[in-house]
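upload_13.cif follows (mmCIF, N, CA and C atoms and all ligand atoms):
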data_start
loop_
_atom_site.label_atom_id
_atom_site.label_comp_id
_atom_site.auth_asym_id
_atom_site.auth_seq_id
_atom_site.Cartn_x
_atom_site.Cartn_y
_atom_site.Cartn_z
N MET U 1 -4.01 -7.89 -12.72
CA MET U 1 -4.23 -8.87 -11.67
C MET U 1 -5.73 -9.16 -11.58
N PRO U 2 -6.13 -10.40 -11.56
CA PRO U 2 -7.56 -10.73 -11.54
C PRO U 2 -8.22 -10.29 -10.25
N PHE U 3 -9.47 -9.94 -10.36
CA PHE U 3 -10.24 -9.52 -9.20
C PHE U 3 -11.29 -10.60 -8.97
N ALA U 4 -11.15 -11.32 -7.86
CA ALA U 4 -12.01 -12.47 -7.61
C ALA U 4 -13.47 -12.06 -7.53
N ALA U 5 -14.33 -12.88 -8.06
CA ALA U 5 -15.76 -12.59 -8.05
C ALA U 5 -16.34 -12.74 -6.65
N SER U 6 -15.74 -13.58 -5.85
CA SER U 6 -16.22 -13.76 -4.49
C SER U 6 -15.06 -14.13 -3.59
N GLY U 7 -15.27 -14.00 -2.30
CA GLY U 7 -14.20 -14.34 -1.37
C GLY U 7 -13.18 -13.23 -1.28
N GLN U 8 -12.11 -13.48 -0.55
CA GLN U 8 -11.10 -12.46 -0.33
C GLN U 8 -10.10 -12.44 -1.48
N SER U 9 -9.61 -11.27 -1.76
CA SER U 9 -8.68 -11.14 -2.87
C SER U 9 -7.38 -10.50 -2.38
N THR U 10 -6.41 -10.48 -3.27
CA THR U 10 -5.09 -9.96 -2.98
C THR U 10 -4.71 -8.96 -4.06
N ARG U 11 -4.18 -7.85 -3.65
CA ARG U 11 -3.73 -6.85 -4.61
C ARG U 11 -2.34 -6.40 -4.22
N SER U 12 -1.62 -5.78 -5.19
CA SER U 12 -0.27 -5.31 -4.93
C SER U 12 -0.13 -3.82 -5.21
N VAL U 13 0.74 -3.19 -4.44
CA VAL U 13 1.19 -1.83 -4.73
C VAL U 13 2.71 -1.90 -4.84
N LEU U 14 3.25 -1.44 -5.96
CA LEU U 14 4.70 -1.43 -6.15
C LEU U 14 5.28 -0.12 -5.64
N LEU U 15 6.46 -0.22 -5.04
CA LEU U 15 7.25 0.96 -4.68
C LEU U 15 8.37 1.00 -5.70
N GLU U 16 8.16 1.80 -6.73
CA GLU U 16 9.02 1.75 -7.91
C GLU U 16 9.14 3.13 -8.53
N ASP U 17 10.35 3.48 -8.97
CA ASP U 17 10.59 4.79 -9.59
C ASP U 17 10.17 5.93 -8.66
N ILE U 18 10.38 5.70 -7.35
CA ILE U 18 10.05 6.70 -6.32
C ILE U 18 8.58 7.10 -6.40
N ARG U 19 7.73 6.08 -6.63
CA ARG U 19 6.28 6.27 -6.65
C ARG U 19 5.62 5.02 -6.11
N PHE U 20 4.37 5.20 -5.70
CA PHE U 20 3.53 4.04 -5.41
C PHE U 20 2.72 3.76 -6.67
N LYS U 21 2.73 2.53 -7.09
CA LYS U 21 2.02 2.14 -8.31
C LYS U 21 1.06 0.99 -8.02
N PRO U 22 -0.25 1.19 -8.11
CA PRO U 22 -0.90 2.47 -8.43
C PRO U 22 -0.97 3.37 -7.22
N ALA U 23 -1.05 4.68 -7.44
CA ALA U 23 -1.13 5.63 -6.33
C ALA U 23 -2.50 5.57 -5.67
N LYS U 24 -3.51 5.18 -6.43
CA LYS U 24 -4.84 4.99 -5.86
C LYS U 24 -5.33 3.59 -6.21
N LEU U 25 -5.70 2.86 -5.18
CA LEU U 25 -6.16 1.48 -5.36
C LEU U 25 -7.50 1.33 -4.64
N THR U 26 -8.48 0.80 -5.34
CA THR U 26 -9.79 0.58 -4.74
C THR U 26 -10.00 -0.92 -4.57
N VAL U 27 -10.33 -1.31 -3.34
CA VAL U 27 -10.47 -2.74 -3.03
C VAL U 27 -11.73 -2.95 -2.19
N ARG U 28 -12.09 -4.20 -2.06
CA ARG U 28 -13.20 -4.54 -1.17
C ARG U 28 -12.67 -4.86 0.22
N ARG U 29 -13.58 -4.74 1.19
CA ARG U 29 -13.21 -5.11 2.55
C ARG U 29 -12.67 -6.53 2.59
N GLY U 30 -11.63 -6.72 3.38
CA GLY U 30 -11.04 -8.03 3.52
C GLY U 30 -9.88 -8.30 2.59
N THR U 31 -9.61 -7.35 1.69
CA THR U 31 -8.52 -7.56 0.72
C THR U 31 -7.16 -7.46 1.40
N LEU U 32 -6.28 -8.36 1.01
CA LEU U 32 -4.89 -8.31 1.47
C LEU U 32 -4.09 -7.52 0.44
N VAL U 33 -3.49 -6.41 0.87
CA VAL U 33 -2.67 -5.60 -0.02
C VAL U 33 -1.20 -5.87 0.33
N THR U 34 -0.42 -6.20 -0.70
CA THR U 34 1.00 -6.43 -0.53
C THR U 34 1.78 -5.29 -1.18
N PHE U 35 2.51 -4.53 -0.35
CA PHE U 35 3.41 -3.51 -0.87
C PHE U 35 4.71 -4.21 -1.25
N ARG U 36 5.20 -3.91 -2.45
CA ARG U 36 6.38 -4.61 -2.97
C ARG U 36 7.47 -3.61 -3.34
N TRP U 37 8.60 -3.73 -2.67
CA TRP U 37 9.72 -2.81 -2.92
C TRP U 37 10.43 -3.19 -4.22
N ARG U 38 10.59 -2.17 -5.11
CA ARG U 38 11.15 -2.44 -6.42
C ARG U 38 12.30 -1.50 -6.81
N ASP U 39 12.63 -0.56 -5.91
CA ASP U 39 13.75 0.35 -6.19
C ASP U 39 14.95 -0.13 -5.38
N ALA U 40 15.77 -0.97 -5.98
CA ALA U 40 16.81 -1.67 -5.23
C ALA U 40 17.78 -0.73 -4.51
N ALA U 41 18.11 0.40 -5.10
CA ALA U 41 19.13 1.27 -4.52
C ALA U 41 18.54 2.40 -3.68
N THR U 42 17.22 2.48 -3.61
CA THR U 42 16.56 3.60 -2.95
C THR U 42 15.61 3.09 -1.87
N PRO U 43 15.87 3.42 -0.62
CA PRO U 43 14.97 2.95 0.44
C PRO U 43 13.63 3.69 0.41
N HIS U 44 12.60 2.98 0.83
CA HIS U 44 11.27 3.57 0.97
C HIS U 44 10.64 3.02 2.25
N ASN U 45 9.56 3.68 2.64
CA ASN U 45 8.72 3.14 3.71
C ASN U 45 7.27 3.40 3.36
N VAL U 46 6.39 2.78 4.13
CA VAL U 46 4.95 3.00 4.00
C VAL U 46 4.45 3.45 5.36
N ARG U 47 3.92 4.70 5.43
CA ARG U 47 3.46 5.23 6.71
C ARG U 47 2.05 5.78 6.55
N SER U 48 1.17 5.28 7.36
CA SER U 48 -0.22 5.72 7.35
C SER U 48 -0.30 7.19 7.75
N ARG U 49 -1.25 7.92 7.14
CA ARG U 49 -1.46 9.34 7.46
C ARG U 49 -2.95 9.60 7.64
N GLY U 50 -3.30 10.21 8.78
CA GLY U 50 -4.71 10.50 9.04
C GLY U 50 -5.47 9.25 9.45
N GLU U 51 -6.79 9.38 9.44
CA GLU U 51 -7.66 8.27 9.81
C GLU U 51 -8.49 7.84 8.61
N PRO U 52 -8.79 6.55 8.51
CA PRO U 52 -8.35 5.48 9.39
C PRO U 52 -6.88 5.12 9.14
N ARG U 53 -6.29 4.48 10.11
CA ARG U 53 -4.87 4.15 10.03
C ARG U 53 -4.67 2.67 9.72
N PHE U 54 -3.48 2.37 9.28
CA PHE U 54 -3.10 0.97 9.14
C PHE U 54 -1.64 0.82 9.54
N ARG U 55 -1.22 -0.39 9.75
CA ARG U 55 0.13 -0.69 10.21
C ARG U 55 1.13 -0.41 9.09
N GLY U 56 2.12 0.43 9.38
CA GLY U 56 3.11 0.81 8.38
C GLY U 56 4.36 -0.05 8.44
N SER U 57 5.33 0.32 7.62
CA SER U 57 6.58 -0.44 7.54
C SER U 57 7.75 0.44 7.97
N GLY U 58 8.89 -0.19 8.17
CA GLY U 58 10.14 0.54 8.35
C GLY U 58 10.75 0.87 7.00
N ASP U 59 11.92 1.52 7.08
CA ASP U 59 12.67 1.83 5.85
C ASP U 59 13.30 0.55 5.33
N ARG U 60 13.18 0.34 4.03
CA ARG U 60 13.80 -0.85 3.45
C ARG U 60 14.01 -0.66 1.96
N THR U 61 14.78 -1.55 1.37
CA THR U 61 15.06 -1.47 -0.07
C THR U 61 14.50 -2.67 -0.82
N ARG U 62 14.02 -3.67 -0.08
CA ARG U 62 13.51 -4.86 -0.76
C ARG U 62 12.48 -5.54 0.12
N GLY U 63 11.82 -6.52 -0.44
CA GLY U 63 10.87 -7.28 0.34
C GLY U 63 9.44 -6.78 0.17
N THR U 64 8.59 -7.21 1.10
CA THR U 64 7.18 -6.90 1.01
C THR U 64 6.63 -6.52 2.38
N HIS U 65 5.46 -5.89 2.36
CA HIS U 65 4.75 -5.53 3.59
C HIS U 65 3.27 -5.78 3.32
N GLU U 66 2.66 -6.63 4.12
CA GLU U 66 1.27 -7.02 3.86
C GLU U 66 0.33 -6.39 4.87
N VAL U 67 -0.78 -5.90 4.37
CA VAL U 67 -1.81 -5.32 5.23
C VAL U 67 -3.17 -5.81 4.74
N ARG U 68 -3.96 -6.34 5.66
CA ARG U 68 -5.32 -6.72 5.29
C ARG U 68 -6.27 -5.60 5.73
N PHE U 69 -7.05 -5.09 4.79
CA PHE U 69 -7.95 -3.97 5.06
C PHE U 69 -9.36 -4.52 5.31
N ARG U 70 -9.77 -4.44 6.56
CA ARG U 70 -11.03 -5.07 6.97
C ARG U 70 -12.19 -4.09 7.03
N LYS U 71 -11.88 -2.79 7.15
CA LYS U 71 -12.94 -1.79 7.32
C LYS U 71 -12.94 -0.82 6.15
N ALA U 72 -14.16 -0.40 5.78
CA ALA U 72 -14.28 0.56 4.68
C ALA U 72 -13.68 1.90 5.08
N GLY U 73 -13.19 2.62 4.09
CA GLY U 73 -12.63 3.95 4.33
C GLY U 73 -11.56 4.27 3.32
N THR U 74 -11.06 5.48 3.38
CA THR U 74 -9.96 5.90 2.52
C THR U 74 -8.70 6.01 3.37
N TYR U 75 -7.75 5.15 3.08
CA TYR U 75 -6.52 5.03 3.84
C TYR U 75 -5.41 5.75 3.07
N ARG U 76 -4.93 6.85 3.63
CA ARG U 76 -3.87 7.63 2.97
C ARG U 76 -2.53 7.25 3.58
N TYR U 77 -1.52 7.28 2.74
CA TYR U 77 -0.19 6.93 3.23
C TYR U 77 0.88 7.64 2.42
N VAL U 78 2.07 7.67 2.98
CA VAL U 78 3.20 8.32 2.33
C VAL U 78 4.45 7.46 2.53
N CYS U 79 5.49 7.81 1.78
CA CYS U 79 6.86 7.42 2.10
C CYS U 79 7.49 8.68 2.68
N THR U 80 7.93 8.61 3.93
CA THR U 80 8.45 9.82 4.58
C THR U 80 9.82 10.22 4.05
N ILE U 81 10.47 9.36 3.30
CA ILE U 81 11.79 9.67 2.76
C ILE U 81 11.69 10.57 1.54
N HIS U 82 10.61 10.44 0.79
CA HIS U 82 10.49 11.14 -0.49
C HIS U 82 9.25 12.04 -0.53
N PRO U 83 9.47 13.36 -0.44
CA PRO U 83 8.33 14.28 -0.52
C PRO U 83 7.53 14.04 -1.80
N GLY U 84 6.24 13.98 -1.67
CA GLY U 84 5.39 13.78 -2.84
C GLY U 84 5.13 12.32 -3.17
N MET U 85 5.80 11.42 -2.48
CA MET U 85 5.55 10.00 -2.71
C MET U 85 4.42 9.59 -1.78
N SER U 86 3.22 9.52 -2.34
CA SER U 86 2.05 9.26 -1.52
C SER U 86 1.05 8.40 -2.29
N GLY U 87 0.12 7.83 -1.54
CA GLY U 87 -0.90 7.01 -2.17
C GLY U 87 -2.10 6.89 -1.26
N ARG U 88 -3.11 6.23 -1.78
CA ARG U 88 -4.29 5.97 -0.97
C ARG U 88 -4.95 4.67 -1.42
N ILE U 89 -5.58 4.04 -0.46
CA ILE U 89 -6.32 2.82 -0.72
C ILE U 89 -7.74 3.05 -0.26
N VAL U 90 -8.66 2.91 -1.20
CA VAL U 90 -10.07 3.09 -0.90
C VAL U 90 -10.67 1.70 -0.71
N VAL U 91 -11.21 1.47 0.49
CA VAL U 91 -11.80 0.17 0.83
C VAL U 91 -13.31 0.34 0.88
N ARG U 92 -13.99 -0.48 0.11
CA ARG U 92 -15.45 -0.39 0.03
C ARG U 92 -16.10 -1.59 0.66
CU CU O 101 10.27 6.58 -0.85
#
Rewrite the coordinates I just gave you, this time as structure tokens.
Ligand SMILES: [Cu+2]
Amino acid sequence: MPFAASGQSTRSVLLEDIRFKPAKLTVRRGTLVTFRWRDAATPHNVRSRGEPRFRGSGDRTRGTHEVRFRKAGTYRYVCTIHPGMSGRIVVR
């Protein structure tokens, strides 16, 4: 996915094969991150853990969840349904 040289950009995290892909994503402030459900038969969620926090999602098997990250920091999150399914977004 291209990374814009200027202005706001958009990135994706897939929920696929009971993992977040990529598990670590580094973005600039202002980036819109779209979580995309890809495991049709397996529900997942996105839940913020620790600080700083972001708005999470409910349990679902399809669709998307968008979060715009405006402040720098390391945002950790999990899927509470699947132990070990975790990720982080580093905002610079
Ligand atoms: Cu899950």
For this session: May I ask you to write as a ChimeraX atom specification all residues lying at most 7 Å from ligand CU 101 (chain O), with only N, CA and C atoms and all ligand atoms counted?
Result: /U:18-19,42-45,78-83,85
For this session: Tell me, in Å to one decimal, how far atom CA of U:Gly73 is from atom C of U:Arg36.
Result: 22.8 Å
Exercise. Distance atom C of U:Lys21-atom N of U:Ser86, one decimal place?
Worked result: 10.5 Å
Exercise. Quick one: residues within 6 Å of U:Arg68, only N, CA and C atoms counted, chain neighbours fewer than 6 positions away excluded, as a ChimeraX atom specification?
Worked result: /U:30-33
Exercise. Counting all atoms listed in the file, which of U:Arg55, U:Arg29, U:Arg49, U:Arg38 gets nearest to U:Tyr77?
Worked result: U:Arg49
Test item: residues at most 6 Å from U:Val27, all atoms listed in the file, excluding those fewer than 2 positions along its chain, as a PDB file with N, CA and C atoms, keeping the file's coordinate frame:
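Saved result, selection.pdb, follows:
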ATOM      1  N   LEU U  25      -5.700   2.860  -5.180  1.00  0.00           N
ATOM      2  CA  LEU U  25      -6.160   1.480  -5.360  1.00  0.00           C
ATOM      3  C   LEU U  25      -7.500   1.330  -4.640  1.00  0.00           C
ATOM      4  N   ARG U  29     -13.580  -4.740   1.190  1.00  0.00           N
ATOM      5  CA  ARG U  29     -13.210  -5.110   2.550  1.00  0.00           C
ATOM      6  C   ARG U  29     -12.670  -6.530   2.590  1.00  0.00           C
ATOM      7  N   ILE U  89      -5.580   4.040  -0.460  1.00  0.00           N
ATOM      8  CA  ILE U  89      -6.320   2.820  -0.720  1.00  0.00           C
ATOM      9  C   ILE U  89      -7.740   3.050  -0.260  1.00  0.00           C
ATOM     10  N   VAL U  90      -8.660   2.910  -1.200  1.00  0.00           N
ATOM     11  CA  VAL U  90     -10.070   3.090  -0.900  1.00  0.00           C
ATOM     12  C   VAL U  90     -10.670   1.700  -0.710  1.00  0.00           C
ATOM     13  N   VAL U  91     -11.210   1.470   0.490  1.00  0.00           N
ATOM     14  CA  VAL U  91     -11.800   0.170   0.830  1.00  0.00           C
ATOM     15  C   VAL U  91     -13.310   0.340   0.880  1.00  0.00           C
ATOM     16  N   ARG U  92     -13.990  -0.480   0.110  1.00  0.00           N
ATOM     17  CA  ARG U  92     -15.450  -0.390   0.030  1.00  0.00           C
ATOM     18  C   ARG U  92     -16.100  -1.590   0.660  1.00  0.00           C
TER      19      ARG U  92
END
For this session: Apply DSSP to the backbone of this structure and, from stretch 6-75 of chain U, keep only the residues in strand (DSSP E or B); write these as a ChimeraX atom specification.
Result: /U:10-16,19-21,24-27,31-37,44,47-49,60,64-69,73-75
Problem set entry | Interatomic distance, atom N of U:Thr74 to atom CA of U:Glu51 (Å, one decimal) | 7.8 Å
Exercise. Out of U:Glu66, U:Gly84, U:Thr26, U:Tyr75, which residue has the shortest atom-to-atom distance to U:Arg53 when counting only N, CA and C atoms?
Worked result: U:Tyr75
Incomplete stretch 34-45 of chain U brought to N, CA, C and O atoms, written out as a tab-separated table (two decimals), keeping the file's coordinate frame:
chain	number	residue	atom	x	y	z
U	34	THR	N	-0.42	-6.20	-0.70
U	34	THR	CA	1.00	-6.43	-0.53
U	34	THR	C	1.78	-5.29	-1.18
U	34	THR	O	1.69	-5.09	-2.39
U	35	PHE	N	2.51	-4.53	-0.35
U	35	PHE	CA	3.41	-3.51	-0.87
U	35	PHE	C	4.71	-4.21	-1.25
U	35	PHE	O	5.26	-4.98	-0.45
U	36	ARG	N	5.20	-3.91	-2.45
U	36	ARG	CA	6.38	-4.61	-2.97
U	36	ARG	C	7.47	-3.61	-3.34
U	36	ARG	O	7.28	-2.79	-4.24
U	37	TRP	N	8.60	-3.73	-2.67
U	37	TRP	CA	9.72	-2.81	-2.92
U	37	TRP	C	10.43	-3.19	-4.22
U	37	TRP	O	10.82	-4.34	-4.40
U	38	ARG	N	10.59	-2.17	-5.11
U	38	ARG	CA	11.15	-2.44	-6.42
U	38	ARG	C	12.30	-1.50	-6.81
U	38	ARG	O	12.83	-1.62	-7.90
U	39	ASP	N	12.63	-0.56	-5.91
U	39	ASP	CA	13.75	0.35	-6.19
U	39	ASP	C	14.95	-0.13	-5.38
U	39	ASP	O	15.15	0.26	-4.24
U	40	ALA	N	15.77	-0.97	-5.98
U	40	ALA	CA	16.81	-1.67	-5.23
U	40	ALA	C	17.78	-0.73	-4.51
U	40	ALA	O	18.23	-1.03	-3.40
U	41	ALA	N	18.11	0.40	-5.10
U	41	ALA	CA	19.13	1.27	-4.52
U	41	ALA	C	18.54	2.40	-3.68
U	41	ALA	O	19.28	3.19	-3.11
U	42	THR	N	17.22	2.48	-3.61
U	42	THR	CA	16.56	3.60	-2.95
U	42	THR	C	15.61	3.09	-1.87
U	42	THR	O	14.66	2.38	-2.18
U	43	PRO	N	15.87	3.42	-0.62
U	43	PRO	CA	14.97	2.95	0.44
U	43	PRO	C	13.63	3.69	0.41
U	43	PRO	O	13.56	4.87	0.02
U	44	HIS	N	12.60	2.98	0.83
U	44	HIS	CA	11.27	3.57	0.97
U	44	HIS	C	10.64	3.02	2.25
U	44	HIS	O	11.10	2.01	2.79
U	45	ASN	N	9.56	3.68	2.64
U	45	ASN	CA	8.72	3.14	3.71
U	45	ASN	C	7.27	3.40	3.36
U	45	ASN	O	6.96	4.13	2.41
